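Participant: Following this line is final.pdb, made up of PDB, C-alpha atoms:
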ATOM      1  CA  MET H   4       0.000   0.000   0.000
ATOM      2  CA  ALA H   5       1.342   3.376  -0.923
ATOM      3  CA  PHE H   6       1.104   6.202   1.563
ATOM      4  CA  ALA H   7       0.877   9.836   0.547
ATOM      5  CA  ARG H   8       3.772  11.900   1.660
ATOM      6  CA  PRO H   9       2.718  14.587   4.130
ATOM      7  CA  PRO H  10       3.173  18.160   2.955
ATOM      8  CA  ALA H  11       6.259  19.927   4.112
ATOM      9  CA  GLU H  12       5.749  22.097   7.173
ATOM     10  CA  THR H  13       6.046  25.802   6.686
ATOM     11  CA  ASN H  14       8.678  27.336   8.905
ATOM     12  CA  ALA H  15       8.069  31.034   9.251
ATOM     13  CA  ALA H  16      11.352  31.428  10.934
ATOM     14  CA  ALA H  17      13.061  30.084   7.863
ATOM     15  CA  GLN H  18      11.679  32.911   5.690
ATOM     16  CA  PRO H  19      14.165  35.524   4.623
ATOM     17  CA  GLU H  20      14.337  38.382   7.154
ATOM     18  CA  SER H  21      14.107  40.955   4.388
ATOM     19  CA  THR H  22      10.424  40.129   3.743
ATOM     20  CA  ALA H  23       9.310  40.789   7.349
ATOM     21  CA  ALA H  24       8.556  44.284   8.690
ATOM     22  CA  ARG H  25      11.216  45.550  11.027
ATOM     23  CA  PRO H  26       9.835  45.718  14.580
ATOM     24  CA  GLU H  27       9.172  49.186  16.022
ATOM     25  CA  SER H  28      11.092  50.555  18.958
ATOM     26  CA  VAL H  29      10.460  53.558  21.156
ATOM     27  CA  LEU H  30      13.750  55.056  19.995
ATOM     28  CA  SER H  31      13.024  54.672  16.280
ATOM     29  CA  VAL H  32       9.513  56.074  16.659
ATOM     30  CA  GLY H  33      10.835  58.986  18.716
ATOM     31  CA  ILE H  34      13.425  59.798  16.066
ATOM     32  CA  ALA H  35      10.753  59.627  13.359
ATOM     33  CA  VAL H  36       8.486  61.999  15.299
ATOM     34  CA  ALA H  37      11.338  64.438  15.961
ATOM     35  CA  LEU H  38      12.370  64.481  12.299
ATOM     36  CA  THR H  39       8.732  64.964  11.298
ATOM     37  CA  ALA H  40       8.507  68.012  13.570
ATOM     38  CA  VAL H  41      11.573  69.527  11.882
ATOM     39  CA  ILE H  42      10.170  68.788   8.419
ATOM     40  CA  LEU H  43       6.781  70.280   9.294
ATOM     41  CA  TYR H  44       8.333  73.410  10.775
ATOM     42  CA  GLY H  45      10.227  74.063   7.568
ATOM     43  CA  ALA H  46       7.198  73.200   5.441
ATOM     44  CA  LEU H  47       4.874  75.492   7.398
ATOM     45  CA  THR H  48       7.376  78.331   7.202
ATOM     46  CA  LEU H  49       7.526  77.923   3.432
ATOM     47  CA  GLY H  50       3.755  77.551   3.382
ATOM     48  CA  LEU H  51       3.382  80.933   5.060
ATOM     49  CA  GLY H  52       5.566  82.386   2.346
ATOM     50  CA  GLY H  53       3.350  80.795  -0.286
ATOM     51  CA  PHE H  54       0.241  82.119   1.449
ATOM     52  CA  THR H  55       1.669  85.636   1.445
ATOM     53  CA  ALA H  56       2.699  85.273  -2.195
ATOM     54  CA  PHE H  57      -0.846  84.186  -3.027
ATOM     55  CA  MET H  58      -2.282  87.277  -1.320
ATOM     56  CA  PHE H  59      -0.030  89.659  -3.225
ATOM     57  CA  GLY H  60       1.123  87.695  -6.261
ATOM     58  CA  GLY H  61      -1.760  85.432  -7.203
ATOM     59  CA  PRO H  62      -1.517  81.812  -8.471
ATOM     60  CA  ILE H  63       2.248  81.544  -8.028
ATOM     61  CA  GLY H  64       1.623  81.381  -4.288
ATOM     62  CA  LEU H  65      -0.783  78.450  -4.640
ATOM     63  CA  LEU H  66       1.753  76.616  -6.802
ATOM     64  CA  MET H  67       4.373  77.135  -4.118
ATOM     65  CA  VAL H  68       2.041  75.783  -1.415
ATOM     66  CA  GLY H  69       1.225  72.739  -3.563
ATOM     67  CA  LEU H  70       4.871  71.895  -4.154
ATOM     68  CA  VAL H  71       5.643  72.285  -0.458
ATOM     69  CA  PHE H  72       2.722  69.996   0.425
ATOM     70  CA  VAL H  73       3.839  67.217  -1.946
ATOM     71  CA  GLY H  74       7.457  67.460  -0.848
ATOM     72  CA  THR H  75       6.422  67.298   2.796
ATOM     73  CA  VAL H  76       4.348  64.156   2.218
ATOM     74  CA  VAL H  77       7.296  62.428   0.534
ATOM     75  CA  LEU H  78       9.712  63.332   3.326
ATOM     76  CA  ILE H  79       7.358  62.367   6.166
ATOM     77  CA  SER H  80       6.449  59.045   4.546
ATOM     78  CA  THR H  81      10.159  58.266   4.288
ATOM     79  CA  VAL H  82      10.784  59.246   7.895
ATOM     80  CA  ALA H  83       7.758  57.232   9.052
ATOM     81  CA  GLY H  84       9.288  54.230   7.315
ATOM     82  CA  PHE H  85      12.280  54.568   9.610
ATOM     83  CA  GLY H  86      10.026  54.107  12.621
ATOM     84  CA  ALA H  87       7.603  51.517  11.197
ATOM     85  CA  GLY H  88       9.853  49.597   8.848
ATOM     86  CA  ARG H  89       7.877  50.624   5.772
ATOM     87  CA  ARG H  90       6.563  53.798   4.164
ATOM     88  CA  ARG H  91       3.364  55.292   5.555
ATOM     89  CA  ILE H  92       2.092  57.434   2.694
ATOM     90  CA  GLY H  93      -1.437  57.673   4.095
ATOM     91  CA  ALA H  94      -0.106  58.750   7.472
ATOM     92  CA  ALA H  95       2.118  61.357   5.830
ATOM     93  CA  VAL H  96      -0.819  62.799   3.881
ATOM     94  CA  CYS H  97      -2.990  63.000   7.025
ATOM     95  CA  VAL H  98      -0.288  64.644   9.137
ATOM     96  CA  THR H  99       0.670  67.151   6.438
ATOM     97  CA  ALA H 100      -2.950  68.057   5.706
ATOM     98  CA  LEU H 101      -3.656  68.482   9.417
ATOM     99  CA  ALA H 102      -0.656  70.778   9.804
ATOM    100  CA  PHE H 103      -1.684  73.014   6.902
ATOM    101  CA  VAL H 104      -5.307  73.173   8.091
ATOM    102  CA  ALA H 105      -4.091  74.102  11.579
ATOM    103  CA  LEU H 106      -1.877  76.814  10.107
ATOM    104  CA  VAL H 107      -4.759  78.331   8.132
ATOM    105  CA  THR H 108      -6.891  78.231  11.284
ATOM    106  CA  ALA H 109      -4.170  80.060  13.200
ATOM    107  CA  VAL H 110      -3.794  82.699  10.484
ATOM    108  CA  PHE H 111      -7.492  83.526  10.414
ATOM    109  CA  GLY H 112      -7.924  83.019  14.151
ATOM    110  CA  PHE H 113      -5.205  85.521  15.010
ATOM    111  CA  GLY H 114      -6.345  87.818  12.198
ATOM    112  CA  THR H 115      -2.800  88.509  11.057
ATOM    113  CA  VAL H 116      -0.995  88.613   7.738
ATOM    114  CA  PRO H 117       2.026  86.280   7.928
ATOM    115  CA  MET H 118       5.484  87.847   7.913
ATOM    116  CA  ILE H 119       4.057  91.376   7.747
ATOM    117  CA  TRP H 120       2.575  91.970  11.181
ATOM    118  CA  VAL H 121       2.695  89.489  14.030
ATOM    119  CA  GLN H 122       0.110  89.530  16.768
ATOM    120  CA  PRO H 123       1.446  88.362  20.149
ATOM    121  CA  GLY H 124       1.160  84.576  20.276
ATOM    122  CA  PHE H 125       1.258  83.998  16.535
ATOM    123  CA  ASP H 126       5.056  83.907  16.506
ATOM    124  CA  LEU H 127       4.892  80.485  18.225
ATOM    125  CA  ALA H 128       2.024  79.118  16.130
ATOM    126  CA  THR H 129       4.195  77.499  13.447
ATOM    127  CA  LEU H 130       6.439  75.779  15.982
ATOM    128  CA  MET H 131       3.543  74.498  18.103
ATOM    129  CA  ILE H 132       1.647  73.182  15.084
ATOM    130  CA  ALA H 133       4.729  71.363  13.819
ATOM    131  CA  VAL H 134       5.356  69.676  17.179
ATOM    132  CA  LEU H 135       1.734  68.680  17.810
ATOM    133  CA  CYS H 136       1.193  67.332  14.295
ATOM    134  CA  ALA H 137       4.424  65.346  14.593
ATOM    135  CA  LEU H 138       3.052  63.812  17.791
ATOM    136  CA  PHE H 139      -0.156  62.986  15.917
ATOM    137  CA  LEU H 140       1.937  60.806  13.611
ATOM    138  CA  GLY H 141       2.228  58.435  16.569
ATOM    139  CA  VAL H 142      -1.325  57.116  16.109
ATOM    140  CA  PHE H 143      -0.142  55.379  12.933
ATOM    141  CA  PHE H 144       2.465  53.299  14.771
ATOM    142  CA  ARG H 145       1.756  50.084  16.670
ATOM    143  CA  SER H 146       3.175  50.880  20.101
ATOM    144  CA  TRP H 147       0.730  52.112  22.714
ATOM    145  CA  GLN H 148       3.149  54.848  23.810
ATOM    146  CA  SER H 149       3.208  56.404  20.348
ATOM    147  CA  ARG H 150      -0.563  56.201  20.027
ATOM    148  CA  ILE H 151      -1.089  57.943  23.363
ATOM    149  CA  ALA H 152       1.296  60.683  22.238
ATOM    150  CA  GLY H 153      -0.660  60.978  18.985
ATOM    151  CA  VAL H 154      -3.962  61.355  20.819
ATOM    152  CA  ILE H 155      -2.439  64.032  23.062
ATOM    153  CA  GLY H 156      -1.136  65.933  20.042
ATOM    154  CA  CYS H 157      -4.511  65.775  18.298
ATOM    155  CA  ALA H 158      -6.366  66.913  21.426
ATOM    156  CA  ALA H 159      -3.970  69.838  21.856
ATOM    157  CA  LEU H 160      -4.524  70.889  18.235
ATOM    158  CA  VAL H 161      -8.293  70.830  18.694
ATOM    159  CA  ALA H 162      -8.015  72.848  21.909
ATOM    160  CA  GLY H 163      -5.768  75.379  20.188
ATOM    161  CA  ALA H 164      -8.168  75.717  17.263
ATOM    162  CA  VAL H 165     -11.033  76.386  19.650
ATOM    163  CA  TRP H 166      -8.944  78.924  21.554
ATOM    164  CA  VAL H 167      -8.010  81.012  18.506
ATOM    165  CA  THR H 168     -11.391  80.836  16.766
ATOM    166  CA  VAL H 169     -13.823  81.425  19.628
ATOM    167  CA  PRO H 170     -14.236  85.219  19.996
ATOM    168  CA  GLU H 171     -13.283  86.738  23.306
ATOM    169  CA  PRO H 172     -16.177  88.122  25.344
ATOM    170  CA  GLU H 173     -16.662  91.845  25.167
ATOM    171  CA  PRO H 174     -15.317  93.607  28.255
ATOM    172  CA  THR H 175     -18.113  94.710  30.547
ATOM    173  CA  GLY H 176     -16.192  97.220  32.626
ATOM    174  CA  PRO H 177     -14.156 100.301  31.713
ATOM    175  CA  SER H 178     -10.985  99.783  29.706
ATOM    176  CA  GLN H 179      -7.512 100.447  31.073
ATOM    177  CA  ALA H 180      -7.375 103.686  29.085
ATOM    178  CA  GLU H 181     -10.689 104.821  30.578
ATOM    179  CA  LEU H 182      -9.522 103.977  34.088
ATOM    180  CA  GLN H 183      -6.320 105.970  33.549
ATOM    181  CA  SER H 184      -8.268 108.894  32.101
ATOM    182  CA  ASN H 185     -10.610 108.904  35.093
ATOM    183  CA  ALA H 186      -7.664 108.801  37.488
ATOM    184  CA  ASN H 187      -6.010 111.731  35.703
ATOM    185  CA  PHE H 188      -9.225 113.737  35.821
ATOM    186  CA  GLU H 189      -9.727 113.112  39.533
ATOM    187  CA  ALA H 190      -6.126 114.182  40.150
ATOM    188  CA  TYR H 191      -6.898 117.386  38.240
ATOM    189  CA  ILE H 192      -9.963 117.947  40.421
ATOM    190  CA  ALA H 193      -7.902 117.409  43.562
ATOM    191  CA  ASN H 194      -5.308 119.911  42.317
ATOM    192  CA  GLY H 195      -8.002 122.599  42.185
ATOM    193  CA  GLN H 196      -6.353 124.810  39.555
ATOM    194  CA  PHE H 197      -9.425 125.248  37.381
ATOM    195  CA  PRO H 198      -9.890 127.558  34.384
ATOM    196  CA  LEU H 199     -11.441 131.006  34.852
ATOM    197  CA  ILE H 200     -14.771 132.114  33.418
ATOM    198  CA  ALA H 201     -16.703 135.364  33.099
ATOM    199  CA  ASP H 202     -19.747 135.144  35.372
ATOM    200  CA  LEU H 203     -22.019 137.563  33.532
ATOM    201  CA  PRO H 204     -25.720 138.086  34.296
ATOM    202  CA  GLY H 205     -27.654 136.198  31.650
ATOM    203  CA  GLY H 206     -24.424 134.864  30.152
ATOM    204  CA  SER H 207     -23.612 131.224  29.402
ATOM    205  CA  LEU H 208     -20.408 129.225  29.243
ATOM    206  CA  VAL H 209     -20.251 127.882  25.682
ATOM    207  CA  GLU H 210     -16.760 126.385  25.408
ATOM    208  CA  VAL H 211     -13.788 125.234  27.457
ATOM    209  CA  SER H 212     -10.606 124.669  25.465
ATOM    210  CA  LEU H 213      -7.494 122.864  26.701
ATOM    211  CA  ASN H 214      -6.127 121.833  23.316
ATOM    212  CA  SER H 215      -3.248 124.263  23.020
ATOM    213  CA  GLY H 216      -1.496 126.357  25.598
ATOM    214  CA  PRO H 217      -3.210 127.585  28.761
ATOM    215  CA  PRO H 218      -6.926 126.920  29.387
ATOM    216  CA  HIS H 219      -9.362 129.142  27.488
ATOM    217  CA  THR H 220     -13.042 129.621  28.263
ATOM    218  CA  PHE H 221     -15.640 131.368  26.137
ATOM    219  CA  THR H 222     -18.712 133.004  27.623
ATOM    220  CA  GLU H 223     -21.582 134.376  25.580
ATOM    221  CA  THR H 224     -23.262 137.485  26.945
ATOM    222  CA  ALA H 225     -27.010 137.881  27.123
ATOM    223  CA  ASP H 226     -26.880 139.851  23.851
ATOM    224  CA  GLY H 227     -24.675 137.383  21.947
ATOM    225  CA  GLY H 228     -21.251 138.922  22.530
ATOM    226  CA  LEU H 229     -18.447 136.369  22.952
ATOM    227  CA  VAL H 230     -15.779 136.889  25.610
ATOM    228  CA  GLU H 231     -12.585 134.855  25.977
ATOM    229  CA  VAL H 232     -10.948 134.343  29.383
ATOM    230  CA  VAL H 233      -7.440 132.907  29.779
ATOM    231  CA  ILE H 234      -5.256 132.102  32.753
ATOM    232  CA  ASP H 235      -1.663 131.095  32.088
ATOM    233  CA  ARG H 236      -0.047 129.721  35.232
ATOM    234  CA  GLN H 237       3.275 129.302  33.430
ATOM    235  CA  PRO H 238       3.576 132.550  31.481
ATOM    236  CA  LEU H 239       6.271 133.330  28.978
ATOM    237  CA  VAL H 240       9.445 134.934  30.271
ATOM    238  CA  ALA H 241      10.406 138.315  28.852
ATOM    239  CA  THR H 242      13.354 140.616  29.412
ATOM    240  CA  ASN H 243      10.918 143.153  30.856
ATOM    241  CA  PRO H 244       8.338 141.197  32.923
ATOM    242  CA  GLU H 245       6.165 144.297  33.289
ATOM    243  CA  THR H 246       5.307 144.109  29.584
ATOM    244  CA  VAL H 247       4.138 140.473  29.693
ATOM    245  CA  PRO H 248       0.384 141.104  30.220
ATOM    246  CA  CYS H 249       0.148 143.405  27.217
ATOM    247  CA  ARG H 250       1.974 140.871  25.078
ATOM    248  CA  TYR H 251      -0.890 138.451  25.828
ATOM    249  CA  ILE H 252      -3.725 140.697  24.704
ATOM    250  CA  VAL H 253      -2.169 142.648  21.848
ATOM    251  CA  ASP H 254      -3.336 141.477  18.425
ATOM    252  CA  VAL H 255      -0.164 140.309  16.683
ATOM    253  CA  THR H 256      -2.175 139.801  13.487
ATOM    254  CA  ALA H 257      -2.623 143.564  13.271
ATOM    255  CA  GLY H 258       1.036 144.082  12.461
ATOM    256  CA  VAL H 259       2.326 144.456  16.017
ATOM    257  CA  VAL H 260       5.969 143.381  16.245
ATOM    258  CA  ILE H 261       6.869 142.050  19.696
ATOM    259  CA  GLU H 262      10.482 142.205  20.817
ATOM    260  CA  GLU H 263      12.103 140.878  23.981
ATOM    261  CA  THR H 264      13.554 144.316  24.714
ATOM    262  CA  ASP H 265      10.224 146.154  24.507
ATOM    263  CA  THR H 266       9.471 148.703  27.218
ATOM    264  CA  LEU H 267       6.244 150.235  28.489
ATOM    265  CA  GLN H 268       6.650 153.061  26.005
ATOM    266  CA  ASP H 269       6.929 150.581  23.125
ATOM    267  CA  TYR H 270       3.407 149.356  23.905
ATOM    268  CA  SER H 271       1.809 152.750  24.455
ATOM    269  CA  SER H 272       0.142 152.639  21.044
ATOM    270  CA  TRP H 273      -1.773 149.459  21.944
ATOM    271  CA  CYS H 274      -1.945 149.123  25.730
ATOM    272  CA  VAL H 275      -2.607 151.421  28.651
ATOM    273  CA  PHE H 276      -1.095 150.457  32.004
ATOM    274  CA  ASP H 277      -2.937 151.688  35.082
ATOM    275  CA  GLN H 278      -2.721 150.409  38.677
ATOM    276  CA  GLY H 279      -1.372 146.997  37.732
ATOM    277  CA  ILE H 280      -3.857 146.403  34.904
ATOM    278  CA  TRP H 281      -3.164 146.432  31.189
ATOM    279  CA  ARG H 282      -5.988 147.557  28.920
ATOM    280  CA  LEU H 283      -6.124 147.684  25.148
ATOM    281  CA  VAL H 284      -6.656 151.246  23.957
ATOM    282  CA  ASN H 285      -9.896 150.214  22.225
ATOM    283  CA  GLY H 286     -11.230 148.616  25.419
ATOM    284  CA  THR H 287     -11.544 145.066  24.030
ATOM    285  CA  GLY H 288      -8.935 143.458  26.268
ATOM    286  CA  TYR H 289      -7.671 143.467  29.856
ATOM    287  CA  ALA H 290      -4.751 141.694  31.508
ATOM    288  CA  ARG H 291      -2.945 141.527  34.831
ATOM    289  CA  MET H 292      -0.486 139.434  36.797
ATOM    290  CA  ASP H 293      -1.819 137.383  39.712
ATOM    291  CA  ASN H 294       0.635 135.383  41.856
ATOM    292  CA  GLY H 295       2.868 134.677  38.883
ATOM    293  CA  SER H 296      -0.014 133.874  36.515
ATOM    294  CA  VAL H 297      -1.326 136.004  33.664
ATOM    295  CA  ILE H 298      -5.088 136.563  33.523
ATOM    296  CA  THR H 299      -6.629 138.017  30.370
ATOM    297  CA  VAL H 300     -10.148 138.864  29.217
ATOM    298  CA  THR H 301     -10.619 139.799  25.582
ATOM    299  CA  SER H 302     -13.270 140.028  22.930
ATOM    300  CA  ALA H 303     -13.221 136.671  21.151
ATOM    301  CA  SER H 304     -11.525 136.559  17.769
ATOM    302  CA  SER H 305     -13.425 135.773  14.589
ATOM    303  CA  ALA H 306     -12.013 132.217  14.608
ATOM    304  CA  HIS H 307     -14.252 131.402  17.581
ATOM    305  CA  ILE H 308     -17.350 133.322  16.513
ATOM    306  CA  ARG H 309     -20.327 131.309  15.285
ATOM    307  CA  ALA H 310     -22.329 133.906  13.441
ATOM    308  CA  ASP H 311     -24.962 131.339  12.488
ATOM    309  CA  ASN H 312     -25.803 131.084  16.198
ATOM    310  CA  GLY H 313     -26.052 134.845  16.550
ATOM    311  CA  GLN H 314     -22.631 135.287  18.144
ATOM    312  CA  ARG H 315     -20.462 138.355  17.643
ATOM    313  CA  PRO H 316     -17.296 139.806  19.185
ATOM    314  CA  ALA H 317     -17.976 141.332  22.584
ATOM    315  CA  THR H 318     -18.141 145.109  22.822
ATOM    316  CA  PRO H 319     -15.781 147.101  25.091
ATOM    317  CA  ASP H 320     -18.552 147.462  27.682
ATOM    318  CA  GLU H 321     -19.195 143.709  27.653
ATOM    319  CA  VAL H 322     -15.473 142.982  27.990
ATOM    320  CA  PHE H 323     -15.227 145.400  30.925
ATOM    321  CA  SER H 324     -18.191 143.721  32.638
ATOM    322  CA  ALA H 325     -16.626 140.327  32.022
ATOM    323  CA  TRP H 326     -13.310 141.519  33.464
ATOM    324  CA  ASN H 327     -15.034 142.491  36.686
ATOM    325  CA  SER H 328     -16.883 139.155  36.927
ATOM    326  CA  VAL H 329     -14.000 136.707  36.413
ATOM    327  CA  ARG H 330     -13.971 133.747  38.791
ATOM    328  CA  PRO H 331     -12.646 130.154  38.798
ATOM    329  CA  MET H 332     -14.881 127.417  37.477
ATOM    330  CA  THR H 333     -16.563 125.355  40.155
ATOM    331  CA  GLU H 334     -16.007 121.617  40.439
ATOM    332  CA  ILE H 335     -19.538 121.044  39.187
ATOM    333  CA  GLU H 336     -18.844 123.143  36.079
ATOM    334  CA  VAL H 337     -15.570 121.325  35.469
ATOM    335  CA  ARG H 338     -17.321 117.954  35.688
ATOM    336  CA  GLU H 339     -20.032 119.163  33.304
ATOM    337  CA  HIS H 340     -17.278 119.811  30.742
ATOM    338  CA  ARG H 341     -15.481 116.531  31.511
ATOM    339  CA  ASP H 342     -15.119 115.694  27.807
ATOM    340  CA  VAL H 343     -12.404 118.336  27.239
ATOM    341  CA  TRP H 344     -10.058 116.867  29.851
TER
END
How does this structure look as structure tokens?
Facilitator:
Amino acid sequence: MAFARPPAETNAAAQPESTAARPESVLSVGIAVALTAVILYGALTLGLGGFTAFMFGGPIGLLMVGLVFVGTVVLISTVAGFGAGRRRIGAAVCVTALAFVALVTAVFGFGTVPMIWVQPGFDLATLMIAVLCALFLGVFFRSWQSRIAGVIGCAALVAGAVWVTVPEPEPTGPSQAELQSNANFEAYIANGQFPLIADLPGGSLVEVSLNSGPPHTFTETADGGLVEVVIDRQPLVATNPETVPCRYIVDVTAGVVIEETDTLQDYSSWCVFDQGIWRLVNGTGYARMDNGSVITVTSASSAHIRADNGQRPATPDEVFSAWNSVRPMTEIEVREHRDVW
């Protein structure tokens, strides 16, 4: 009787080693992830350049981004083969696509144009995306350590995307600038050096100006005349201090030439000095020194007159009445004109 010969046993161990996948190790996977991070950082940097070129140069920027994307996939698949023993093209595509999507999210989330203006925080975006996406590569390896690292990287990317895309709540309280402005104003109130106004019967305070030089106030009389009151607590210094008040009220636009060496006689054509008070010869201006400050009351110039509201320059009688009614603004009046401080 003939017996069939049993088939030869297959010995897996006898197969050539070149046909089996090289086993993974923590070291090889770690090196692959580190190299992937370096590759992604360079790719994202070039990608930002392509994005900027697209914004200002058109299609050439998109071509640059496409070439960078393909090159990155090839490099990462090669590096992944070092850790897994064979190329991981699908993994390389996923990681590269995730990195570029994260970069676009960061660009629009931070609202910044790459390489032109950097909002605080965006300067680290490229580096963080590269590292986290490289960690995400770990989910494509077999070791549980690499997969945990990949999950952590993916979770961090999602958290970062939420952080940069969710709008910040509108502040409910005053801003820092408003707080500082309020503090400055209260310090001004505590100082007590308020502007002066003309307290005329039937008159009204129409303007307080602090924009240039000493404080100016404008009071409209009951009949529409406009009076300007100024107090300069840091007056100009002249060779002859006794001429300073007249220098404040004389109309330099009328051809008056003011010199440092002027004397009282030099101003006799424009000002009259009597008992410590300077008065314009036409009666439309008064000035005096008061504890080192210069106080002036004049008929307002045409630059401040609003004829459409019935205003006009104050007459000499109105200016004289205003001169005799000058007083400091009260705290209530200062607070009513808070917007000029």
Participant: Evaluated on this file, the PyMOL selection byres ((chain H and resi 314) around 10) picks out some residues - which ones are they, written as a list in words?
Facilitator: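 When the PyMOL selection byres ((chain H and resi 314) around 10) is applied to the shown file, the picked residues are Glu223, Thr224, Asp226, Gly227, Gly228, Leu229, Ala303, Ser305, His307, Ile308, Arg309, Ala310, Asp311, Asn312, Gly313, Arg315, Pro316 and Ala317 of chain H.
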Participant: From the set H:Trp281, H:Trp326, H:Phe188, H:Tyr44, which residue has the shortest atom-to-atom contact distance to H:His340, counting only C-alpha atoms?
Facilitator: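 Ranking H:Trp281, H:Trp326, H:Phe188, H:Tyr44 by distance to H:His340, first place goes to H:Phe188.
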Participant: Which value, in Å to one decimal, gives the distance between atom CA of H:Ala109 and atom CA of H:Ala128?
Facilitator: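 Separation of atom CA of H:Ala109 and atom CA of H:Ala128: 6.9 Å.
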Participant: Quick one: apply the PyMOL selection byres ((chain H and resi 103) around 10) to the file and drop the selected residues here as a list in words.
Facilitator: Leu43, Ala46, Leu47, Gly50, Leu51, Val68, Phe72, Val98, Thr99, Ala100, Leu101, Ala102, Val104, Ala105, Leu106, Val107, Thr108, Ala109, Thr129, Ile132, Ala133 and Cys136 of chain H
Participant: One decimal, Å: what's the distance from atom CA of H:Arg330 over to atom CA of H:Trp273, could you say?
Facilitator: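 Between these atoms lies a distance of 26.1 Å.
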Participant: Exactly which residues make up the result of the PyMOL selection byres ((chain H and resi 237) around 8) on this file, given as a short mmCIF file (atom, residue, chain, number, x, y, z; two decimals) with C-alpha atoms, in the frame of the given file?
Facilitator:
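Contents of out_30.cif, as written:
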data_model
loop_
_atom_site.label_atom_id
_atom_site.label_comp_id
_atom_site.auth_asym_id
_atom_site.auth_seq_id
_atom_site.Cartn_x
_atom_site.Cartn_y
_atom_site.Cartn_z
CA ASP H 235 -1.66 131.10 32.09
CA ARG H 236 -0.05 129.72 35.23
CA PRO H 238 3.58 132.55 31.48
CA LEU H 239 6.27 133.33 28.98
CA GLY H 295 2.87 134.68 38.88
CA SER H 296 -0.01 133.87 36.52
#
Participant: For atom CA of H:Val247 and atom CA of H:Arg282, quote the distance in Å rounded to one decimal.
Facilitator: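 According to the coordinates, atom CA of H:Val247 and atom CA of H:Arg282 are separated by 12.4 Å.
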